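Q: My structure is below; once you've seen it, I'll send some questions.
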Amino acid sequence: MALIARPERIDVRTRDREVAAEAINRIAAHRARISFSDPAGVDLRVHESRYGDIDTALIRFGGVRYHADAEPMTSLLAGFVAEGAARVVVHGETVELPRMQGMLFPFGTRTSGEYGDSVFVLLRLPFGVAAEVAEATTGLPAEKLRFDGMTPVSEESRRLWVQTADFVWRQLSTPGAEPPPLVTDQLVRLIASTLIAVFPNTAMTEMRSGAGGFVAPAVLRRATTFIEQYPESPLTVGEIAEAAGVGIRALQTAFRRHLDVTPMTYLRQVRLDRVHRDLLAGDPHGGVTVQETARRWGFANLGRFAAEYRAEYGQSPSRTLRG
């Protein structure tokens with residue numbers, strides 16, 4: 001996954017149909033037909049933040065009827081309808097998208113859609129990121145991941161998706177407040193894991209047998225040593241497994257049997273320990289802050305971080321910093 005520290009930002013506000021279509025084509029290749037009844041009411045906006053091959057965008061189809069015939073998606077493109085409504089046709093079937101509905105555009109499939117006087121929040125990421133997260137969290141081989149539906153599987157899933165997508169979009173789209181690389185990596189993986197949890201896919205439906213057999217203790221030692229040496233890097237389960245000399249499923253088995261956690265949970269614990277060490281050594285009068293320290297180690301949600309920290313160390317992170 002190619003990430004950059006400072007994103008490329010594109011801000012377009014126009015009444016020109018060609019300018020708007022060109023900006024949206026950066027996010028999803030398509031052919032557009034745009035009509036409107038009142039030229040003075042046209043308000044087409046695109047606000048895009050691109051972190052390498054990760055994209056976030058807000059698109060406003062103000063005062064127009066925007067018809068798009070989209071080319072097959074080469075990345076995962078998902079989001080929600082922030083205002084208005086839309087309809088998308090996939091394989092001859094129409095999917096209605098009311099306000100605050102989540103959607104995942106089908107990967108590798110042509111679609112057509114009508115987007116009239118509406119606002120969309122969108123996130124785009126490589127399919128391989130979701131496949132890797134699915135393998136790490138569910139055991140489904142990466143090559144078997146398929147998404148089978150465009151909308152979340154339940155009302156609870158819809159709410160979870162909209163809340164998560166809105167949170168990540170705001171974190172990545174605010175100019176001048178770009179998160180550090182570890183936080184960006186965690187936000188992208190949060191989106192991937194939420195996609196897998198809320199949209200119909202093979203990780204939900206295929207039966208998977210647990211990994212059995214003996215896993216040598218040396219595997220766990222190699223894995224934990226690697227994690228403890230490189231916690232500042234955006235490690236993946238695949239990289240940890242490679243360093244330990246085993247496959248992903250064997251790595252998961254080793255951690256669950258001997259430590260009762262997943263490899264990524266162990267990595268999070270190590271990063272929490274690094275925050276603790278930095279706060280103990282930090283000088284609050286010298287510019288050290290809890291927020292900056294936590295974000296440097298990949299903790300984007302400060303409320304959740306503070307709760308984890310208190311549970312582990314019996315005090316708030318700010319109390320640790322104050323000595």
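Residue numbering restarts at 1 in every chain; chains get A, B, ... in the order shown in the structure tokens, and ligands count up from 1 in that same order.
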Per DSSP on the backbone, filter range 35-253 of chain A down to the residues in strand (DSSP E or B) and report them as a JSON list (two decimals) with N, CA and C atoms, in the first residue's frame.
A:
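Result went into out.json, see below:
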```json
[["chain", "number", "residue", "atom", "x", "y", "z"],
["A", 35, "SER", "N", -27.33, 17.41, -17.04],
["A", 35, "SER", "CA", -28.40, 18.32, -17.46],
["A", 35, "SER", "C", -28.88, 19.13, -16.26],
["A", 43, "ASP", "N", -24.13, 24.01, -9.05],
["A", 43, "ASP", "CA", -23.04, 24.10, -8.07],
["A", 43, "ASP", "C", -22.36, 22.74, -8.00],
["A", 44, "LEU", "N", -21.36, 22.54, -8.84],
["A", 44, "LEU", "CA", -20.62, 21.28, -8.89],
["A", 44, "LEU", "C", -19.31, 21.46, -8.12],
["A", 45, "ARG", "N", -19.09, 20.58, -7.14],
["A", 45, "ARG", "CA", -17.88, 20.70, -6.31],
["A", 45, "ARG", "C", -17.24, 19.32, -6.14],
["A", 46, "VAL", "N", -15.92, 19.33, -6.15],
["A", 46, "VAL", "CA", -15.14, 18.13, -5.86],
["A", 46, "VAL", "C", -14.00, 18.54, -4.93],
["A", 47, "HIS", "N", -13.95, 17.93, -3.76],
["A", 47, "HIS", "CA", -12.85, 18.14, -2.81],
["A", 47, "HIS", "C", -12.19, 16.78, -2.59],
["A", 48, "GLU", "N", -11.00, 16.63, -3.12],
["A", 48, "GLU", "CA", -10.31, 15.34, -3.10],
["A", 48, "GLU", "C", -8.99, 15.45, -2.36],
["A", 49, "SER", "N", -8.67, 14.42, -1.57],
["A", 49, "SER", "CA", -7.38, 14.31, -0.90],
["A", 49, "SER", "C", -6.81, 12.94, -1.25],
["A", 50, "ARG", "N", -5.66, 12.93, -1.89],
["A", 50, "ARG", "CA", -5.08, 11.67, -2.37],
["A", 50, "ARG", "C", -3.77, 11.41, -1.65],
["A", 51, "TYR", "N", -3.73, 10.29, -0.92],
["A", 51, "TYR", "CA", -2.54, 9.83, -0.22],
["A", 51, "TYR", "C", -1.96, 8.66, -1.02],
["A", 54, "ILE", "N", -4.49, 5.97, -2.00],
["A", 54, "ILE", "CA", -5.66, 6.11, -1.15],
["A", 54, "ILE", "C", -6.31, 7.46, -1.45],
["A", 55, "ASP", "N", -7.63, 7.46, -1.61],
["A", 55, "ASP", "CA", -8.37, 8.66, -1.96],
["A", 55, "ASP", "C", -9.50, 8.91, -0.98],
["A", 56, "THR", "N", -9.74, 10.17, -0.64],
["A", 56, "THR", "CA", -10.98, 10.56, 0.00],
["A", 56, "THR", "C", -11.55, 11.72, -0.79],
["A", 57, "ALA", "N", -12.87, 11.81, -0.86],
["A", 57, "ALA", "CA", -13.46, 12.87, -1.66],
["A", 57, "ALA", "C", -14.86, 13.20, -1.16],
["A", 58, "LEU", "N", -15.22, 14.47, -1.33],
["A", 58, "LEU", "CA", -16.60, 14.92, -1.18],
["A", 58, "LEU", "C", -17.01, 15.49, -2.53],
["A", 59, "ILE", "N", -18.13, 14.99, -3.06],
["A", 59, "ILE", "CA", -18.62, 15.43, -4.36],
["A", 59, "ILE", "C", -20.03, 15.98, -4.19],
["A", 60, "ARG", "N", -20.25, 17.20, -4.68],
["A", 60, "ARG", "CA", -21.57, 17.81, -4.63],
["A", 60, "ARG", "C", -22.10, 17.96, -6.06],
["A", 61, "PHE", "N", -23.26, 17.34, -6.32],
["A", 61, "PHE", "CA", -23.94, 17.48, -7.60],
["A", 61, "PHE", "C", -25.07, 18.50, -7.41],
["A", 62, "GLY", "N", -24.70, 19.77, -7.23],
["A", 62, "GLY", "CA", -25.69, 20.79, -6.90],
["A", 62, "GLY", "C", -26.42, 21.31, -8.12],
["A", 63, "GLY", "N", -27.75, 21.22, -8.10],
["A", 63, "GLY", "CA", -28.56, 21.81, -9.15],
["A", 63, "GLY", "C", -28.50, 21.11, -10.49],
["A", 64, "VAL", "N", -28.03, 19.86, -10.52],
["A", 64, "VAL", "CA", -27.90, 19.17, -11.80],
["A", 64, "VAL", "C", -28.46, 17.75, -11.69],
["A", 65, "ARG", "N", -28.66, 17.16, -12.84],
["A", 65, "ARG", "CA", -28.91, 15.72, -12.94],
["A", 65, "ARG", "C", -27.68, 15.13, -13.62],
["A", 66, "TYR", "N", -26.94, 14.35, -12.87],
["A", 66, "TYR", "CA", -25.65, 13.84, -13.33],
["A", 66, "TYR", "C", -25.79, 12.35, -13.61],
["A", 67, "HIS", "N", -25.72, 11.97, -14.88],
["A", 67, "HIS", "CA", -25.78, 10.56, -15.26],
["A", 67, "HIS", "C", -24.37, 10.10, -15.59],
["A", 68, "ALA", "N", -23.95, 9.00, -14.96],
["A", 68, "ALA", "CA", -22.59, 8.49, -15.16],
["A", 68, "ALA", "C", -22.63, 7.03, -15.57],
["A", 69, "ASP", "N", -21.96, 6.72, -16.68],
["A", 69, "ASP", "CA", -21.71, 5.33, -17.09],
["A", 69, "ASP", "C", -20.28, 5.02, -16.71],
["A", 70, "ALA", "N", -20.12, 4.26, -15.63],
["A", 70, "ALA", "CA", -18.79, 4.05, -15.06],
["A", 70, "ALA", "C", -18.11, 2.83, -15.65],
["A", 73, "MET", "N", -14.58, -0.80, -11.87],
["A", 73, "MET", "CA", -13.72, -0.27, -10.82],
["A", 73, "MET", "C", -12.46, -1.12, -10.70],
["A", 76, "LEU", "N", -11.40, -0.44, -4.73],
["A", 76, "LEU", "CA", -12.63, -0.41, -3.96],
["A", 76, "LEU", "C", -13.05, 1.04, -3.75],
["A", 77, "LEU", "N", -14.26, 1.38, -4.15],
["A", 77, "LEU", "CA", -14.79, 2.73, -3.99],
["A", 77, "LEU", "C", -16.07, 2.63, -3.17],
["A", 78, "ALA", "N", -16.05, 3.24, -2.00],
["A", 78, "ALA", "CA", -17.19, 3.13, -1.09],
["A", 78, "ALA", "C", -17.43, 4.47, -0.43],
["A", 79, "GLY", "N", -18.62, 4.63, 0.15],
["A", 79, "GLY", "CA", -18.94, 5.87, 0.82],
["A", 79, "GLY", "C", -20.38, 5.89, 1.26],
["A", 80, "PHE", "N", -20.95, 7.10, 1.34],
["A", 80, "PHE", "CA", -22.35, 7.22, 1.71],
["A", 80, "PHE", "C", -22.93, 8.50, 1.12],
["A", 81, "VAL", "N", -24.26, 8.53, 1.05],
["A", 81, "VAL", "CA", -24.98, 9.70, 0.53],
["A", 81, "VAL", "C", -25.18, 10.66, 1.69],
["A", 82, "ALA", "N", -24.48, 11.79, 1.68],
["A", 82, "ALA", "CA", -24.59, 12.76, 2.76],
["A", 82, "ALA", "C", -25.83, 13.64, 2.61],
["A", 83, "GLU", "N", -26.23, 13.93, 1.37],
["A", 83, "GLU", "CA", -27.43, 14.71, 1.09],
["A", 83, "GLU", "C", -28.07, 14.18, -0.19],
["A", 84, "GLY", "N", -29.39, 14.33, -0.28],
["A", 84, "GLY", "CA", -30.08, 13.93, -1.49],
["A", 84, "GLY", "C", -30.23, 12.42, -1.60],
["A", 85, "ALA", "N", -30.24, 11.94, -2.84],
["A", 85, "ALA", "CA", -30.44, 10.51, -3.11],
["A", 85, "ALA", "C", -29.87, 10.20, -4.48],
["A", 86, "ALA", "N", -29.78, 8.91, -4.79],
["A", 86, "ALA", "CA", -29.25, 8.48, -6.09],
["A", 86, "ALA", "C", -29.77, 7.09, -6.38],
["A", 87, "ARG", "N", -29.57, 6.66, -7.63],
["A", 87, "ARG", "CA", -29.86, 5.27, -7.99],
["A", 87, "ARG", "C", -28.76, 4.78, -8.91],
["A", 88, "VAL", "N", -28.38, 3.53, -8.72],
["A", 88, "VAL", "CA", -27.31, 2.92, -9.50],
["A", 88, "VAL", "C", -27.84, 1.62, -10.10],
["A", 89, "VAL", "N", -27.50, 1.37, -11.35],
["A", 89, "VAL", "CA", -27.92, 0.16, -12.04],
["A", 89, "VAL", "C", -26.70, -0.76, -12.18],
["A", 90, "VAL", "N", -26.84, -1.99, -11.66],
["A", 90, "VAL", "CA", -25.78, -3.00, -11.72],
["A", 90, "VAL", "C", -26.39, -4.27, -12.29],
["A", 93, "GLU", "N", -30.11, -4.45, -12.54],
["A", 93, "GLU", "CA", -30.89, -4.24, -11.34],
["A", 93, "GLU", "C", -30.61, -2.85, -10.77],
["A", 94, "THR", "N", -31.67, -2.17, -10.33],
["A", 94, "THR", "CA", -31.54, -0.82, -9.80],
["A", 94, "THR", "C", -31.40, -0.86, -8.28],
["A", 95, "VAL", "N", -30.39, -0.15, -7.77],
["A", 95, "VAL", "CA", -30.17, -0.02, -6.33],
["A", 95, "VAL", "C", -30.47, 1.42, -5.94],
["A", 96, "GLU", "N", -31.47, 1.61, -5.09],
["A", 96, "GLU", "CA", -31.82, 2.95, -4.62],
["A", 96, "GLU", "C", -30.92, 3.33, -3.44],
["A", 97, "LEU", "N", -30.41, 4.55, -3.47],
["A", 97, "LEU", "CA", -29.51, 5.04, -2.43],
["A", 97, "LEU", "C", -30.10, 6.30, -1.80],
["A", 102, "GLY", "N", -25.16, 3.79, 2.95],
["A", 102, "GLY", "CA", -23.81, 3.43, 2.56],
["A", 102, "GLY", "C", -23.82, 2.65, 1.27],
["A", 103, "MET", "N", -22.72, 2.76, 0.51],
["A", 103, "MET", "CA", -22.65, 1.99, -0.73],
["A", 103, "MET", "C", -21.21, 1.61, -1.02],
["A", 104, "LEU", "N", -21.07, 0.45, -1.64],
["A", 104, "LEU", "CA", -19.79, -0.05, -2.13],
["A", 104, "LEU", "C", -19.97, -0.38, -3.60],
["A", 105, "PHE", "N", -19.32, 0.38, -4.48],
["A", 105, "PHE", "CA", -19.47, 0.14, -5.90],
["A", 105, "PHE", "C", -18.83, -1.20, -6.26],
["A", 107, "PHE", "N", -16.71, -4.13, -7.60],
["A", 107, "PHE", "CA", -15.36, -4.19, -8.13],
["A", 107, "PHE", "C", -15.37, -4.91, -9.48],
["A", 111, "THR", "N", -21.17, 0.03, -14.14],
["A", 111, "THR", "CA", -22.40, 0.51, -13.52],
["A", 111, "THR", "C", -22.85, 1.77, -14.22],
["A", 112, "SER", "N", -24.10, 2.11, -14.05],
["A", 112, "SER", "CA", -24.61, 3.41, -14.48],
["A", 112, "SER", "C", -25.40, 4.00, -13.33],
["A", 113, "GLY", "N", -25.36, 5.31, -13.19],
["A", 113, "GLY", "CA", -26.03, 5.92, -12.04],
["A", 113, "GLY", "C", -26.60, 7.28, -12.36],
["A", 114, "GLU", "N", -27.62, 7.66, -11.59],
["A", 114, "GLU", "CA", -28.21, 8.99, -11.64],
["A", 114, "GLU", "C", -27.99, 9.66, -10.30],
["A", 115, "TYR", "N", -27.30, 10.79, -10.32],
["A", 115, "TYR", "CA", -26.97, 11.50, -9.09],
["A", 115, "TYR", "C", -27.52, 12.92, -9.23],
["A", 116, "GLY", "N", -28.67, 13.16, -8.63],
["A", 116, "GLY", "CA", -29.32, 14.45, -8.80],
["A", 116, "GLY", "C", -29.34, 15.27, -7.53],
["A", 117, "ASP", "N", -28.74, 16.47, -7.58],
["A", 117, "ASP", "CA", -28.77, 17.41, -6.47],
["A", 117, "ASP", "C", -28.44, 16.71, -5.15],
["A", 118, "SER", "N", -27.27, 16.09, -5.10],
["A", 118, "SER", "CA", -26.89, 15.26, -3.95],
["A", 118, "SER", "C", -25.42, 15.49, -3.59],
["A", 119, "VAL", "N", -25.04, 14.99, -2.41],
["A", 119, "VAL", "CA", -23.67, 15.10, -1.92],
["A", 119, "VAL", "C", -23.21, 13.71, -1.49],
["A", 120, "PHE", "N", -22.00, 13.34, -1.91],
["A", 120, "PHE", "CA", -21.44, 12.03, -1.57],
["A", 120, "PHE", "C", -20.10, 12.19, -0.87],
["A", 121, "VAL", "N", -19.86, 11.36, 0.15],
["A", 121, "VAL", "CA", -18.54, 11.18, 0.74],
["A", 121, "VAL", "C", -18.02, 9.84, 0.25],
["A", 122, "LEU", "N", -16.81, 9.85, -0.33],
["A", 122, "LEU", "CA", -16.26, 8.63, -0.94],
["A", 122, "LEU", "C", -14.85, 8.36, -0.42],
["A", 123, "LEU", "N", -14.52, 7.07, -0.33],
["A", 123, "LEU", "CA", -13.17, 6.63, 0.00],
["A", 123, "LEU", "C", -12.78, 5.55, -0.98],
["A", 124, "ARG", "N", -11.55, 5.63, -1.47],
["A", 124, "ARG", "CA", -11.06, 4.65, -2.45],
["A", 124, "ARG", "C", -9.77, 4.05, -1.95],
["A", 125, "LEU", "N", -9.65, 2.71, -2.02],
["A", 125, "LEU", "CA", -8.43, 2.04, -1.59],
["A", 125, "LEU", "C", -8.22, 0.80, -2.45],
["A", 147, "PHE", "N", -16.82, -9.27, -2.97],
["A", 147, "PHE", "CA", -17.95, -8.53, -2.41],
["A", 147, "PHE", "C", -19.17, -8.78, -3.28],
["A", 201, "ASN", "N", -19.96, -10.25, 1.59],
["A", 201, "ASN", "CA", -18.73, -10.72, 0.97],
["A", 201, "ASN", "C", -18.45, -12.16, 1.37]]
```
Q: Hey, what does DSSP flag as alpha helix (DSSP H) within range 104-242 of chain A? Can you give it to me as a PyMOL selection string?
A: chain A and resi 127-138+155-173+181-198+202-205+217-229+237-242
Q: Please produce a file of the residues just selected, as an mmCIF file, in the first residue's frame, where the atoms kept are C-alpha atoms.
A:
```cif
data_model
loop_
_atom_site.group_PDB
_atom_site.id
_atom_site.type_symbol
_atom_site.label_atom_id
_atom_site.label_comp_id
_atom_site.auth_asym_id
_atom_site.auth_seq_id
_atom_site.Cartn_x
_atom_site.Cartn_y
_atom_site.Cartn_z
ATOM 1 C CA PHE A 127 -8.631 -4.162 -3.319
ATOM 2 C CA GLY A 128 -5.477 -5.881 -2.081
ATOM 3 C CA VAL A 129 -5.608 -3.987 1.217
ATOM 4 C CA ALA A 130 -9.081 -5.352 1.978
ATOM 5 C CA ALA A 131 -8.053 -8.845 0.857
ATOM 6 C CA GLU A 132 -5.052 -8.776 3.170
ATOM 7 C CA VAL A 133 -7.166 -7.546 6.103
ATOM 8 C CA ALA A 134 -9.776 -10.240 5.397
ATOM 9 C CA GLU A 135 -7.102 -12.940 5.492
ATOM 10 C CA ALA A 136 -5.591 -11.538 8.670
ATOM 11 C CA THR A 137 -8.886 -11.209 10.535
ATOM 12 C CA THR A 138 -11.012 -14.074 9.206
ATOM 13 C CA GLU A 155 -29.444 -1.242 9.643
ATOM 14 C CA GLU A 156 -26.844 -1.623 12.377
ATOM 15 C CA SER A 157 -24.185 -2.211 9.725
ATOM 16 C CA ARG A 158 -25.349 0.857 7.815
ATOM 17 C CA ARG A 159 -24.959 3.061 10.888
ATOM 18 C CA LEU A 160 -21.523 1.608 11.647
ATOM 19 C CA TRP A 161 -20.351 2.169 8.090
ATOM 20 C CA VAL A 162 -21.572 5.778 7.865
ATOM 21 C CA GLN A 163 -20.017 6.668 11.231
ATOM 22 C CA THR A 164 -16.698 5.035 10.318
ATOM 23 C CA ALA A 165 -16.509 6.445 6.790
ATOM 24 C CA ASP A 166 -17.373 9.941 8.026
ATOM 25 C CA PHE A 167 -14.727 9.737 10.773
ATOM 26 C CA VAL A 168 -11.982 8.541 8.411
ATOM 27 C CA TRP A 169 -12.915 11.028 5.688
ATOM 28 C CA ARG A 170 -12.696 13.940 8.145
ATOM 29 C CA GLN A 171 -9.360 12.727 9.502
ATOM 30 C CA LEU A 172 -7.828 12.500 6.014
ATOM 31 C CA SER A 173 -9.442 15.498 4.324
ATOM 32 C CA PRO A 181 1.928 7.801 8.552
ATOM 33 C CA LEU A 182 1.063 5.256 11.250
ATOM 34 C CA VAL A 183 -2.321 6.902 11.821
ATOM 35 C CA THR A 184 -3.020 7.031 8.090
ATOM 36 C CA ASP A 185 -2.193 3.338 7.828
ATOM 37 C CA GLN A 186 -4.507 2.514 10.746
ATOM 38 C CA LEU A 187 -7.336 4.590 9.261
ATOM 39 C CA VAL A 188 -7.058 2.796 5.921
ATOM 40 C CA ARG A 189 -7.117 -0.591 7.645
ATOM 41 C CA LEU A 190 -10.091 0.549 9.731
ATOM 42 C CA ILE A 191 -11.968 1.274 6.503
ATOM 43 C CA ALA A 192 -10.957 -2.103 5.055
ATOM 44 C CA SER A 193 -12.023 -4.066 8.132
ATOM 45 C CA THR A 194 -15.329 -2.183 8.318
ATOM 46 C CA LEU A 195 -16.018 -2.882 4.642
ATOM 47 C CA ILE A 196 -15.554 -6.589 5.362
ATOM 48 C CA ALA A 197 -17.810 -6.402 8.415
ATOM 49 C CA VAL A 198 -20.757 -4.545 6.851
ATOM 50 C CA THR A 202 -17.226 -14.182 0.904
ATOM 51 C CA ALA A 203 -15.485 -13.680 4.256
ATOM 52 C CA MET A 204 -18.989 -13.659 5.769
ATOM 53 C CA THR A 205 -20.332 -16.668 3.912
ATOM 54 C CA PRO A 217 7.475 -21.556 20.044
ATOM 55 C CA ALA A 218 10.334 -20.176 17.938
ATOM 56 C CA VAL A 219 7.764 -18.887 15.470
ATOM 57 C CA LEU A 220 6.222 -16.706 18.156
ATOM 58 C CA ARG A 221 9.653 -15.510 19.336
ATOM 59 C CA ARG A 222 10.645 -14.464 15.805
ATOM 60 C CA ALA A 223 7.331 -12.681 15.287
ATOM 61 C CA THR A 224 7.313 -10.790 18.582
ATOM 62 C CA THR A 225 10.973 -9.814 18.171
ATOM 63 C CA PHE A 226 10.221 -8.415 14.716
ATOM 64 C CA ILE A 227 7.226 -6.447 16.014
ATOM 65 C CA GLU A 228 9.193 -5.050 18.941
ATOM 66 C CA GLN A 229 12.026 -3.975 16.645
ATOM 67 C CA VAL A 237 0.260 -9.489 9.110
ATOM 68 C CA GLY A 238 1.908 -10.761 5.939
ATOM 69 C CA GLU A 239 5.173 -8.990 6.766
ATOM 70 C CA ILE A 240 5.145 -10.350 10.320
ATOM 71 C CA ALA A 241 4.472 -13.881 9.049
ATOM 72 C CA GLU A 242 7.312 -13.595 6.541
#
```
Q: In Å, how far is it from CA of Leu302 in chain A to CA of Arg277 in chain A?
A: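 Interatomic distance here is 17.4 Å.
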Q: Could you list, as a compact mmCIF listing (two decimals) with C-alpha atoms, in the first residue's frame, every residue within 12 Å of Trp297 in chain A, counting only C-alpha atoms and ignoring same-chain residues fewer than 2 positions away?
A:
```txt
# COMPACT_ATOMS: atom_id res chain seq x y z
CA PRO A 179 -2.19 12.52 10.25
CA PRO A 180 1.23 10.90 10.69
CA PRO A 181 1.93 7.80 8.55
CA LEU A 182 1.06 5.26 11.25
CA VAL A 183 -2.32 6.90 11.82
CA THR A 184 -3.02 7.03 8.09
CA ASP A 185 -2.19 3.34 7.83
CA GLN A 186 -4.51 2.51 10.75
CA TYR A 230 9.81 -2.15 14.12
CA PRO A 231 6.65 -0.88 15.86
CA GLU A 232 7.05 2.52 14.18
CA SER A 233 6.55 0.92 10.75
CA PRO A 234 3.11 0.27 9.20
CA LEU A 267 1.41 -4.81 17.71
CA ARG A 268 -1.10 -2.35 19.15
CA GLN A 269 -0.03 -3.33 22.69
CA VAL A 270 3.62 -2.72 21.81
CA ARG A 271 2.77 0.70 20.39
CA LEU A 272 0.78 1.52 23.53
CA ASP A 273 3.89 0.66 25.56
CA ARG A 274 5.94 3.02 23.37
CA VAL A 275 3.47 5.82 24.08
CA HIS A 276 3.77 5.07 27.80
CA ARG A 277 7.57 5.25 27.64
CA ASP A 278 7.50 8.52 25.69
CA LEU A 279 5.06 10.11 28.14
CA VAL A 290 -0.55 13.35 24.78
CA GLN A 291 -2.31 13.89 21.46
CA GLU A 292 0.86 14.28 19.41
CA THR A 293 2.51 11.29 21.11
CA ALA A 294 -0.50 9.03 20.63
CA ARG A 295 -0.93 9.97 16.98
CA PHE A 299 -3.67 5.99 17.70
CA ALA A 300 -6.18 8.06 15.74
CA ASN A 301 -9.17 7.86 18.08
CA LEU A 302 -7.98 9.63 21.22
CA PHE A 305 -6.72 5.39 23.17
```
Q: Measuring between only C-alpha atoms, which one of A:Glu8, A:Asp148, A:Asp260, A:Glu18 shows the shortest distance to Asp53 in chain A?
A: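 Smallest separation from Asp53 in chain A among the options: A:Glu8.
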Q: With only C-alpha atoms as the atoms that count, which of A:Thr74, A:Thr236, A:Pro152, A:Ala250 lies nearest to Gly139 in chain A?
A: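 When distances to Gly139 in chain A are compared using only C-alpha atoms, the smallest one comes from A:Ala250.
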